[in-house]
Amino acid sequence: SAVISQKPSRDICQRGTSLTIQCQVDSQVTMMFWYRQQPGQSLTLIATANQGSEATYESGFVIDKFPISRPNLTFSTLTVSNMSPEDSSIYLCSVEGELAGPTDTQYFGPGTRLTVL
Amino acid sequence: GENVEQHPSTLSVQEGDSAVIKCTYSDSASNYFPWYKQELGKRPQLIIDIRSNVGEKKDQRIAVTLNKTAKHFSLHITETQPEDSAVYFCAAGTGNQFYFGTGTSLTVIP
């Protein structure tokens, strides 16, 4: 499967500021997704990052709060804007298969642990 | 959208016993059902998946069954070992977008 990295691995931020999280894959992938996992909770899909077009957001998540970029088939960013303590969570990117591989299967990056003070 | 329910939320078994985790889903259009294992502080790892055209799939000590009519699917782990201790998540969806269950914390007691 693809090797997926995320930067930063963790950060502590002040409320009102923004943080951009990067997700890098070592091979071209069709789909990239962003999830949030609050402590002790399940994974919640934030949005699908579409290459060359605007991201598709799930109910409860908006572009102004979580702008996403997908400039190519191996890279995406998620920005958490105007942060509040409620945004403290682990943010994970995932990728769907590889262009020459199985469809549907998602593989996860290591996650970014965000703490907002 | 899809709604996935998962039970139990916690499960303790003796080493060597079997563990069963059950999930239900709401959207009859869902056709892909993966299971992930997440150890503390680590990323979710895919352990097995099943598609709607198959009723059962097995991989060594792990098996998954799917009942499309009843909209439920289950994970079976046999001969459990302490290293099976983790949180397990089911998911259901279509194409390349799916939604996760609430997770089951499995503890295998040596």
# chains A, B, ... in the order shown; residues from 1 in each chain; ligands from 1
$ select_by_dssp --residues "chain B" --states "strand (DSSP E or B)" --output "JSON, numbers by chain"
{"B": [4, 5, 6, 7, 10, 11, 12, 13, 14, 19, 20, 21, 22, 23, 24, 25, 32, 33, 34, 35, 36, 37, 38, 45, 46, 47, 48, 49, 50, 51, 56, 57, 58, 59, 62, 63, 64, 65, 66, 67, 72, 73, 74, 75, 76, 77, 86, 87, 88, 89, 90, 91, 92, 93, 94, 97, 98, 99, 100, 104, 105, 106, 107, 108, 109]}
$ closest_atom_pairs --of "chain A" --to "chain B" --cutoff "12 Å" --atoms "only C-alpha atoms" --output "Markdown table"
| residue | atom | partner | partner_atom | distance |
| --- | --- | --- | --- | --- |
| A:Ser1 | CA | B:Leu46 | CA | 10.8 |
| A:Ile4 | CA | B:Arg43 | CA | 10.9 |
| A:Ser5 | CA | B:Arg43 | CA | 11.2 |
| A:Gln6 | CA | B:Arg43 | CA | 11.4 |
| A:Ser9 | CA | B:Gly41 | CA | 11.5 |
| A:Arg10 | CA | B:Gly41 | CA | 11.9 |
| A:Val29 | CA | B:Asn96 | CA | 11.8 |
| A:Thr30 | CA | B:Asn96 | CA | 9.5 |
| A:Met31 | CA | B:Asn96 | CA | 7.6 |
| A:Met32 | CA | B:Asn96 | CA | 9.6 |
| A:Phe33 | CA | B:Gln97 | CA | 8.6 |
| A:Trp34 | CA | B:Gln97 | CA | 11.1 |
| A:Tyr35 | CA | B:Tyr99 | CA | 10.3 |
| A:Arg36 | CA | B:Phe100 | CA | 11.5 |
| A:Gln37 | CA | B:Arg43 | CA | 10.5 |
| A:Gln38 | CA | B:Thr102 | CA | 11.6 |
| A:Pro39 | CA | B:Gly41 | CA | 10.4 |
| A:Gly40 | CA | B:Gly103 | CA | 9.2 |
| A:Gln41 | CA | B:Thr102 | CA | 6.8 |
| A:Ser42 | CA | B:Thr102 | CA | 5.1 |
| A:Leu43 | CA | B:Phe100 | CA | 6.2 |
| A:Thr44 | CA | B:Phe100 | CA | 7.2 |
| A:Leu45 | CA | B:Tyr99 | CA | 7.1 |
| A:Ile46 | CA | B:Tyr99 | CA | 10.8 |
| A:Ala47 | CA | B:Gln97 | CA | 9.8 |
| A:Thr48 | CA | B:Gln97 | CA | 8.2 |
| A:Ala49 | CA | B:Gln97 | CA | 11.4 |
| A:Thr56 | CA | B:Gln97 | CA | 11.1 |
| A:Tyr57 | CA | B:Gln97 | CA | 11.8 |
| A:Glu58 | CA | B:Gly1 | CA | 9.4 |
| A:Ser59 | CA | B:Gly1 | CA | 9.1 |
| A:Ile90 | CA | B:Gly41 | CA | 9.9 |
| A:Tyr91 | CA | B:Arg43 | CA | 10.5 |
| A:Leu92 | CA | B:Arg43 | CA | 8.2 |
| A:Cys93 | CA | B:Arg43 | CA | 10.1 |
| A:Ser94 | CA | B:Pro44 | CA | 9.9 |
| A:Val95 | CA | B:Asn96 | CA | 9.4 |
| A:Glu96 | CA | B:Asn96 | CA | 6.7 |
| A:Gly97 | CA | B:Asn96 | CA | 9.1 |
| A:Glu98 | CA | B:Asn96 | CA | 11.9 |
| A:Pro102 | CA | B:Asn96 | CA | 10.6 |
| A:Thr103 | CA | B:Asn96 | CA | 7.1 |
| A:Asp104 | CA | B:Asn96 | CA | 4.4 |
| A:Thr105 | CA | B:Asn96 | CA | 7.2 |
| A:Gln106 | CA | B:Asn96 | CA | 7.8 |
| A:Tyr107 | CA | B:Leu46 | CA | 7.2 |
| A:Phe108 | CA | B:Arg43 | CA | 6.4 |
| A:Gly109 | CA | B:Arg43 | CA | 6.6 |
| A:Pro110 | CA | B:Arg43 | CA | 5.1 |
| A:Gly111 | CA | B:Arg43 | CA | 6.7 |
| A:Thr112 | CA | B:Arg43 | CA | 10.2 |
| A:Arg113 | CA | B:Gly41 | CA | 9.8 |
$ residues_around --residues "Leu75 (chain B)" --least-positions-apart "4" --cutoff "6 Å" --atoms "only C-alpha atoms" --output "MDAnalysis selection string"
chainID B and resid 20:21 63:64
$ write_last_selection --atoms "all heavy atoms" --output "mmCIF file, in the first residue's frame"
data_model
loop_
_atom_site.group_PDB
_atom_site.id
_atom_site.type_symbol
_atom_site.label_atom_id
_atom_site.label_comp_id
_atom_site.auth_asym_id
_atom_site.auth_seq_id
_atom_site.Cartn_x
_atom_site.Cartn_y
_atom_site.Cartn_z
ATOM 1 N N VAL B 20 -16.686 -11.487 18.911
ATOM 2 C CA VAL B 20 -17.585 -11.123 17.817
ATOM 3 C C VAL B 20 -18.046 -9.685 17.993
ATOM 4 O O VAL B 20 -18.490 -9.299 19.077
ATOM 5 C CB VAL B 20 -18.824 -12.047 17.766
ATOM 6 C CG1 VAL B 20 -19.738 -11.633 16.607
ATOM 7 C CG2 VAL B 20 -18.404 -13.495 17.627
ATOM 8 N N ILE B 21 -17.925 -8.910 16.947
ATOM 9 C CA ILE B 21 -18.365 -7.516 16.941
ATOM 10 C C ILE B 21 -19.375 -7.361 15.811
ATOM 11 O O ILE B 21 -19.145 -7.844 14.700
ATOM 12 C CB ILE B 21 -17.184 -6.556 16.726
ATOM 13 C CG1 ILE B 21 -16.129 -6.762 17.810
ATOM 14 C CG2 ILE B 21 -17.664 -5.108 16.724
ATOM 15 C CD1 ILE B 21 -14.820 -6.036 17.547
ATOM 16 N N ALA B 63 -12.584 -13.330 10.386
ATOM 17 C CA ALA B 63 -13.603 -13.552 9.372
ATOM 18 C C ALA B 63 -14.652 -12.453 9.474
ATOM 19 O O ALA B 63 -14.869 -11.881 10.550
ATOM 20 C CB ALA B 63 -14.262 -14.917 9.550
ATOM 21 N N VAL B 64 -15.269 -12.159 8.354
ATOM 22 C CA VAL B 64 -16.358 -11.186 8.340
ATOM 23 C C VAL B 64 -17.528 -11.814 7.604
ATOM 24 O O VAL B 64 -17.350 -12.511 6.605
ATOM 25 C CB VAL B 64 -15.916 -9.858 7.697
ATOM 26 C CG1 VAL B 64 -15.417 -10.064 6.283
ATOM 27 C CG2 VAL B 64 -17.032 -8.834 7.734
#
$ atom_distance --atom1 "CA of Lys65 (chain A)" --atom2 "CA of Ser81 (chain A)"
5.1 Å
$ residues_around --residues "Asp17 (chain B)" --least-positions-apart "3" --cutoff "7 Å" --atoms "only C-alpha atoms" --output "PyMOL selection string"
chain B and resi 13-14+78-80
$ write_last_selection --atoms "N, CA, C and O atoms" --output "mmCIF file, in the first residue's frame"
data_model
loop_
_atom_site.group_PDB
_atom_site.id
_atom_site.type_symbol
_atom_site.label_atom_id
_atom_site.label_comp_id
_atom_site.auth_asym_id
_atom_site.auth_seq_id
_atom_site.Cartn_x
_atom_site.Cartn_y
_atom_site.Cartn_z
ATOM 1 N N VAL B 13 -12.383 -10.644 26.575
ATOM 2 C CA VAL B 13 -12.397 -12.094 26.377
ATOM 3 C C VAL B 13 -11.118 -12.686 26.937
ATOM 4 O O VAL B 13 -10.093 -11.991 27.045
ATOM 5 N N GLN B 14 -11.178 -13.946 27.283
ATOM 6 C CA GLN B 14 -9.988 -14.671 27.708
ATOM 7 C C GLN B 14 -9.177 -15.065 26.476
ATOM 8 O O GLN B 14 -9.738 -15.373 25.411
ATOM 9 N N THR B 78 -11.076 -15.465 16.026
ATOM 10 C CA THR B 78 -10.938 -16.728 16.759
ATOM 11 C C THR B 78 -9.558 -16.810 17.398
ATOM 12 O O THR B 78 -8.629 -16.085 17.003
ATOM 13 N N GLU B 79 -9.454 -17.672 18.405
ATOM 14 C CA GLU B 79 -8.176 -17.907 19.102
ATOM 15 C C GLU B 79 -7.495 -16.582 19.439
ATOM 16 O O GLU B 79 -6.336 -16.344 19.083
ATOM 17 N N THR B 80 -8.221 -15.735 20.136
ATOM 18 C CA THR B 80 -7.705 -14.394 20.411
ATOM 19 C C THR B 80 -6.384 -14.428 21.181
ATOM 20 O O THR B 80 -6.126 -15.327 21.997
#
$ residues_around --residues "Thr17 (chain A)" --least-positions-apart "4" --cutoff "12 Å" --atoms "only C-alpha atoms" --output "ChimeraX atom specification"
/A:12-13,65,79-85,87,115-117
$ atom_distance --atom1 "CA of His72 (chain B)" --atom2 "CA of Phe61 (chain A)"
28.1 Å
$ atom_distance --atom1 "CA of Thr65 (chain B)" --atom2 "CA of Thr24 (chain B)"
11.8 Å
$ residues_around --residues "Ile21 (chain A)" --least-positions-apart "3" --cutoff "6 Å" --atoms "only C-alpha atoms" --output "compact mmCIF listing (two decimals) with N, CA, C and O atoms, in the first residue's frame"
# COMPACT_ATOMS: atom_id res chain seq x y z
N LYS A 7 2.16 16.24 8.15
CA LYS A 7 2.90 17.24 8.91
C LYS A 7 1.96 18.33 9.36
O LYS A 7 1.10 18.74 8.57
N THR A 77 -3.87 19.52 1.57
CA THR A 77 -3.78 20.22 2.85
C THR A 77 -5.17 20.46 3.40
O THR A 77 -6.14 20.65 2.66
N LEU A 78 -5.23 20.45 4.72
CA LEU A 78 -6.44 20.82 5.46
C LEU A 78 -6.05 21.95 6.40
O LEU A 78 -5.09 21.83 7.15
$ residues_around --residues "Val3 (chain A)" --least-positions-apart "4" --cutoff "8 Å" --atoms "only C-alpha atoms" --output "VMD selection string"
chain A and resid 25 to 27
$ write_last_selection --atoms "all heavy atoms" --output "PDB file, in the first residue's frame"
ATOM      1  N   VAL A  25       1.543  11.618  -0.167  1.00  0.00           N
ATOM      2  CA  VAL A  25       1.529  10.195  -0.506  1.00  0.00           C
ATOM      3  C   VAL A  25       2.670   9.923  -1.472  1.00  0.00           C
ATOM      4  O   VAL A  25       2.993  10.773  -2.305  1.00  0.00           O
ATOM      5  CB  VAL A  25       0.197   9.808  -1.174  1.00  0.00           C
ATOM      6  CG1 VAL A  25       0.049   8.294  -1.249  1.00  0.00           C
ATOM      7  CG2 VAL A  25      -0.983  10.408  -0.436  1.00  0.00           C
ATOM      8  N   ASP A  26       3.237   8.728  -1.373  1.00  0.00           N
ATOM      9  CA  ASP A  26       4.396   8.431  -2.210  1.00  0.00           C
ATOM     10  C   ASP A  26       4.024   7.907  -3.595  1.00  0.00           C
ATOM     11  O   ASP A  26       4.894   7.559  -4.383  1.00  0.00           O
ATOM     12  CB  ASP A  26       5.333   7.444  -1.508  1.00  0.00           C
ATOM     13  CG  ASP A  26       4.734   6.044  -1.416  1.00  0.00           C
ATOM     14  OD1 ASP A  26       3.505   5.902  -1.575  1.00  0.00           O
ATOM     15  OD2 ASP A  26       5.499   5.100  -1.174  1.00  0.00           O
ATOM     16  N   SER A  27       2.738   7.851  -3.900  1.00  0.00           N
ATOM     17  CA  SER A  27       2.299   7.427  -5.224  1.00  0.00           C
ATOM     18  C   SER A  27       0.993   8.142  -5.536  1.00  0.00           C
ATOM     19  O   SER A  27       0.313   8.650  -4.645  1.00  0.00           O
ATOM     20  CB  SER A  27       2.119   5.912  -5.291  1.00  0.00           C
ATOM     21  OG  SER A  27       1.165   5.493  -4.329  1.00  0.00           O
TER      22      SER A  27
END
$ decode --residues "region 72-108 of chain B" --atoms "N, CA, C and O atoms" --output "PDB file, in the first residue's frame"
ATOM      1  N   HIS B  72     -26.747  -6.064   8.184  1.00  0.00           N
ATOM      2  CA  HIS B  72     -25.762  -6.134   9.249  1.00  0.00           C
ATOM      3  C   HIS B  72     -24.576  -6.999   8.839  1.00  0.00           C
ATOM      4  O   HIS B  72     -24.677  -7.861   7.965  1.00  0.00           O
ATOM      5  N   PHE B  73     -23.450  -6.717   9.462  1.00  0.00           N
ATOM      6  CA  PHE B  73     -22.223  -7.447   9.192  1.00  0.00           C
ATOM      7  C   PHE B  73     -21.442  -7.581  10.495  1.00  0.00           C
ATOM      8  O   PHE B  73     -21.627  -6.782  11.414  1.00  0.00           O
ATOM      9  N   SER B  74     -20.646  -8.621  10.571  1.00  0.00           N
ATOM     10  CA  SER B  74     -19.981  -8.956  11.824  1.00  0.00           C
ATOM     11  C   SER B  74     -18.523  -9.323  11.590  1.00  0.00           C
ATOM     12  O   SER B  74     -18.172  -9.872  10.546  1.00  0.00           O
ATOM     13  N   LEU B  75     -17.725  -9.040  12.608  1.00  0.00           N
ATOM     14  CA  LEU B  75     -16.315  -9.428  12.623  1.00  0.00           C
ATOM     15  C   LEU B  75     -16.135 -10.536  13.647  1.00  0.00           C
ATOM     16  O   LEU B  75     -16.617 -10.418  14.778  1.00  0.00           O
ATOM     17  N   HIS B  76     -15.475 -11.602  13.235  1.00  0.00           N
ATOM     18  CA  HIS B  76     -15.214 -12.722  14.129  1.00  0.00           C
ATOM     19  C   HIS B  76     -13.711 -12.905  14.236  1.00  0.00           C
ATOM     20  O   HIS B  76     -13.031 -13.045  13.213  1.00  0.00           O
ATOM     21  N   ILE B  77     -13.223 -12.916  15.468  1.00  0.00           N
ATOM     22  CA  ILE B  77     -11.809 -13.194  15.702  1.00  0.00           C
ATOM     23  C   ILE B  77     -11.740 -14.467  16.541  1.00  0.00           C
ATOM     24  O   ILE B  77     -12.305 -14.538  17.640  1.00  0.00           O
ATOM     25  N   THR B  78     -11.076 -15.465  16.026  1.00  0.00           N
ATOM     26  CA  THR B  78     -10.938 -16.728  16.759  1.00  0.00           C
ATOM     27  C   THR B  78      -9.558 -16.810  17.398  1.00  0.00           C
ATOM     28  O   THR B  78      -8.629 -16.085  17.003  1.00  0.00           O
ATOM     29  N   GLU B  79      -9.454 -17.672  18.405  1.00  0.00           N
ATOM     30  CA  GLU B  79      -8.176 -17.907  19.102  1.00  0.00           C
ATOM     31  C   GLU B  79      -7.495 -16.582  19.439  1.00  0.00           C
ATOM     32  O   GLU B  79      -6.336 -16.344  19.083  1.00  0.00           O
ATOM     33  N   THR B  80      -8.221 -15.735  20.136  1.00  0.00           N
ATOM     34  CA  THR B  80      -7.705 -14.394  20.411  1.00  0.00           C
ATOM     35  C   THR B  80      -6.384 -14.428  21.181  1.00  0.00           C
ATOM     36  O   THR B  80      -6.126 -15.327  21.997  1.00  0.00           O
ATOM     37  N   GLN B  81      -5.572 -13.410  20.895  1.00  0.00           N
ATOM     38  CA  GLN B  81      -4.264 -13.255  21.526  1.00  0.00           C
ATOM     39  C   GLN B  81      -4.173 -11.866  22.132  1.00  0.00           C
ATOM     40  O   GLN B  81      -4.892 -10.953  21.695  1.00  0.00           O
ATOM     41  N   PRO B  82      -3.305 -11.668  23.119  1.00  0.00           N
ATOM     42  CA  PRO B  82      -3.205 -10.330  23.748  1.00  0.00           C
ATOM     43  C   PRO B  82      -2.957  -9.214  22.733  1.00  0.00           C
ATOM     44  O   PRO B  82      -3.468  -8.104  22.918  1.00  0.00           O
ATOM     45  N   GLU B  83      -2.239  -9.508  21.665  1.00  0.00           N
ATOM     46  CA  GLU B  83      -1.964  -8.460  20.669  1.00  0.00           C
ATOM     47  C   GLU B  83      -3.196  -8.103  19.829  1.00  0.00           C
ATOM     48  O   GLU B  83      -3.147  -7.148  19.036  1.00  0.00           O
ATOM     49  N   ASP B  84      -4.287  -8.831  20.014  1.00  0.00           N
ATOM     50  CA  ASP B  84      -5.535  -8.442  19.366  1.00  0.00           C
ATOM     51  C   ASP B  84      -6.221  -7.294  20.120  1.00  0.00           C
ATOM     52  O   ASP B  84      -7.188  -6.706  19.615  1.00  0.00           O
ATOM     53  N   SER B  85      -5.746  -6.995  21.314  1.00  0.00           N
ATOM     54  CA  SER B  85      -6.331  -5.905  22.100  1.00  0.00           C
ATOM     55  C   SER B  85      -6.155  -4.585  21.360  1.00  0.00           C
ATOM     56  O   SER B  85      -5.033  -4.200  21.004  1.00  0.00           O
ATOM     57  N   ALA B  86      -7.270  -3.900  21.115  1.00  0.00           N
ATOM     58  CA  ALA B  86      -7.267  -2.650  20.342  1.00  0.00           C
ATOM     59  C   ALA B  86      -8.708  -2.175  20.234  1.00  0.00           C
ATOM     60  O   ALA B  86      -9.631  -2.825  20.734  1.00  0.00           O
ATOM     61  N   VAL B  87      -8.883  -1.048  19.550  1.00  0.00           N
ATOM     62  CA  VAL B  87     -10.229  -0.593  19.192  1.00  0.00           C
ATOM     63  C   VAL B  87     -10.490  -0.989  17.743  1.00  0.00           C
ATOM     64  O   VAL B  87      -9.638  -0.766  16.877  1.00  0.00           O
ATOM     65  N   TYR B  88     -11.633  -1.584  17.507  1.00  0.00           N
ATOM     66  CA  TYR B  88     -12.013  -2.029  16.170  1.00  0.00           C
ATOM     67  C   TYR B  88     -13.176  -1.177  15.665  1.00  0.00           C
ATOM     68  O   TYR B  88     -14.151  -0.937  16.385  1.00  0.00           O
ATOM     69  N   PHE B  89     -13.039  -0.722  14.435  1.00  0.00           N
ATOM     70  CA  PHE B  89     -14.087   0.079  13.804  1.00  0.00           C
ATOM     71  C   PHE B  89     -14.609  -0.637  12.565  1.00  0.00           C
ATOM     72  O   PHE B  89     -13.815  -1.085  11.723  1.00  0.00           O
ATOM     73  N   CYS B  90     -15.927  -0.691  12.445  1.00  0.00           N
ATOM     74  CA  CYS B  90     -16.512  -1.115  11.181  1.00  0.00           C
ATOM     75  C   CYS B  90     -16.847   0.142  10.376  1.00  0.00           C
ATOM     76  O   CYS B  90     -16.891   1.252  10.921  1.00  0.00           O
ATOM     77  N   ALA B  91     -17.074  -0.036   9.102  1.00  0.00           N
ATOM     78  CA  ALA B  91     -17.479   1.065   8.243  1.00  0.00           C
ATOM     79  C   ALA B  91     -18.346   0.519   7.121  1.00  0.00           C
ATOM     80  O   ALA B  91     -18.259  -0.668   6.779  1.00  0.00           O
ATOM     81  N   ALA B  92     -19.162   1.393   6.579  1.00  0.00           N
ATOM     82  CA  ALA B  92     -20.042   0.996   5.467  1.00  0.00           C
ATOM     83  C   ALA B  92     -20.156   2.166   4.502  1.00  0.00           C
ATOM     84  O   ALA B  92     -20.140   3.329   4.919  1.00  0.00           O
ATOM     85  N   GLY B  93     -20.255   1.854   3.229  1.00  0.00           N
ATOM     86  CA  GLY B  93     -20.381   2.934   2.257  1.00  0.00           C
ATOM     87  C   GLY B  93     -20.480   2.444   0.841  1.00  0.00           C
ATOM     88  O   GLY B  93     -20.646   1.252   0.584  1.00  0.00           O
ATOM     89  N   THR B  94     -20.407   3.382  -0.048  1.00  0.00           N
ATOM     90  CA  THR B  94     -20.478   3.104  -1.473  1.00  0.00           C
ATOM     91  C   THR B  94     -19.253   3.690  -2.159  1.00  0.00           C
ATOM     92  O   THR B  94     -18.693   4.683  -1.672  1.00  0.00           O
ATOM     93  N   GLY B  95     -18.902   3.083  -3.253  1.00  0.00           N
ATOM     94  CA  GLY B  95     -17.763   3.599  -4.005  1.00  0.00           C
ATOM     95  C   GLY B  95     -16.554   3.786  -3.116  1.00  0.00           C
ATOM     96  O   GLY B  95     -16.119   2.865  -2.444  1.00  0.00           O
ATOM     97  N   ASN B  96     -16.039   4.991  -3.034  1.00  0.00           N
ATOM     98  CA  ASN B  96     -14.860   5.239  -2.227  1.00  0.00           C
ATOM     99  C   ASN B  96     -15.149   6.223  -1.095  1.00  0.00           C
ATOM    100  O   ASN B  96     -14.294   7.013  -0.710  1.00  0.00           O
ATOM    101  N   GLN B  97     -16.348   6.182  -0.571  1.00  0.00           N
ATOM    102  CA  GLN B  97     -16.689   7.040   0.560  1.00  0.00           C
ATOM    103  C   GLN B  97     -17.468   6.219   1.564  1.00  0.00           C
ATOM    104  O   GLN B  97     -18.493   5.624   1.218  1.00  0.00           O
ATOM    105  N   PHE B  98     -16.950   6.122   2.795  1.00  0.00           N
ATOM    106  CA  PHE B  98     -17.685   5.350   3.777  1.00  0.00           C
ATOM    107  C   PHE B  98     -17.680   6.018   5.132  1.00  0.00           C
ATOM    108  O   PHE B  98     -16.962   6.982   5.380  1.00  0.00           O
ATOM    109  N   TYR B  99     -18.521   5.473   6.024  1.00  0.00           N
ATOM    110  CA  TYR B  99     -18.797   6.056   7.328  1.00  0.00           C
ATOM    111  C   TYR B  99     -18.550   5.002   8.395  1.00  0.00           C
ATOM    112  O   TYR B  99     -18.864   3.832   8.222  1.00  0.00           O
ATOM    113  N   PHE B 100     -17.988   5.467   9.523  1.00  0.00           N
ATOM    114  CA  PHE B 100     -17.513   4.553  10.540  1.00  0.00           C
ATOM    115  C   PHE B 100     -18.526   4.321  11.647  1.00  0.00           C
ATOM    116  O   PHE B 100     -19.306   5.213  11.997  1.00  0.00           O
ATOM    117  N   GLY B 101     -18.478   3.136  12.214  1.00  0.00           N
ATOM    118  CA  GLY B 101     -19.192   2.846  13.440  1.00  0.00           C
ATOM    119  C   GLY B 101     -18.497   3.488  14.626  1.00  0.00           C
ATOM    120  O   GLY B 101     -17.431   4.113  14.487  1.00  0.00           O
ATOM    121  N   THR B 102     -19.064   3.323  15.806  1.00  0.00           N
ATOM    122  CA  THR B 102     -18.592   4.011  17.002  1.00  0.00           C
ATOM    123  C   THR B 102     -17.412   3.330  17.675  1.00  0.00           C
ATOM    124  O   THR B 102     -16.828   3.892  18.587  1.00  0.00           O
ATOM    125  N   GLY B 103     -17.059   2.140  17.224  1.00  0.00           N
ATOM    126  CA  GLY B 103     -15.873   1.478  17.741  1.00  0.00           C
ATOM    127  C   GLY B 103     -16.165   0.498  18.871  1.00  0.00           C
ATOM    128  O   GLY B 103     -17.114   0.661  19.640  1.00  0.00           O
ATOM    129  N   THR B 104     -15.334  -0.533  18.941  1.00  0.00           N
ATOM    130  CA  THR B 104     -15.388  -1.536  20.012  1.00  0.00           C
ATOM    131  C   THR B 104     -14.005  -1.687  20.600  1.00  0.00           C
ATOM    132  O   THR B 104     -13.055  -1.995  19.870  1.00  0.00           O
ATOM    133  N   SER B 105     -13.903  -1.456  21.899  1.00  0.00           N
ATOM    134  CA  SER B 105     -12.620  -1.630  22.574  1.00  0.00           C
ATOM    135  C   SER B 105     -12.519  -3.081  23.040  1.00  0.00           C
ATOM    136  O   SER B 105     -13.238  -3.508  23.939  1.00  0.00           O
ATOM    137  N   LEU B 106     -11.632  -3.830  22.413  1.00  0.00           N
ATOM    138  CA  LEU B 106     -11.453  -5.244  22.729  1.00  0.00           C
ATOM    139  C   LEU B 106     -10.247  -5.425  23.637  1.00  0.00           C
ATOM    140  O   LEU B 106      -9.150  -4.929  23.326  1.00  0.00           O
ATOM    141  N   THR B 107     -10.447  -6.117  24.727  1.00  0.00           N
ATOM    142  CA  THR B 107      -9.354  -6.473  25.633  1.00  0.00           C
ATOM    143  C   THR B 107      -9.262  -7.988  25.701  1.00  0.00           C
ATOM    144  O   THR B 107     -10.255  -8.654  26.000  1.00  0.00           O
ATOM    145  N   VAL B 108      -8.099  -8.520  25.409  1.00  0.00           N
ATOM    146  CA  VAL B 108      -7.855  -9.956  25.516  1.00  0.00           C
ATOM    147  C   VAL B 108      -7.037 -10.192  26.767  1.00  0.00           C
ATOM    148  O   VAL B 108      -5.906  -9.701  26.885  1.00  0.00           O
TER     149      VAL B 108
END
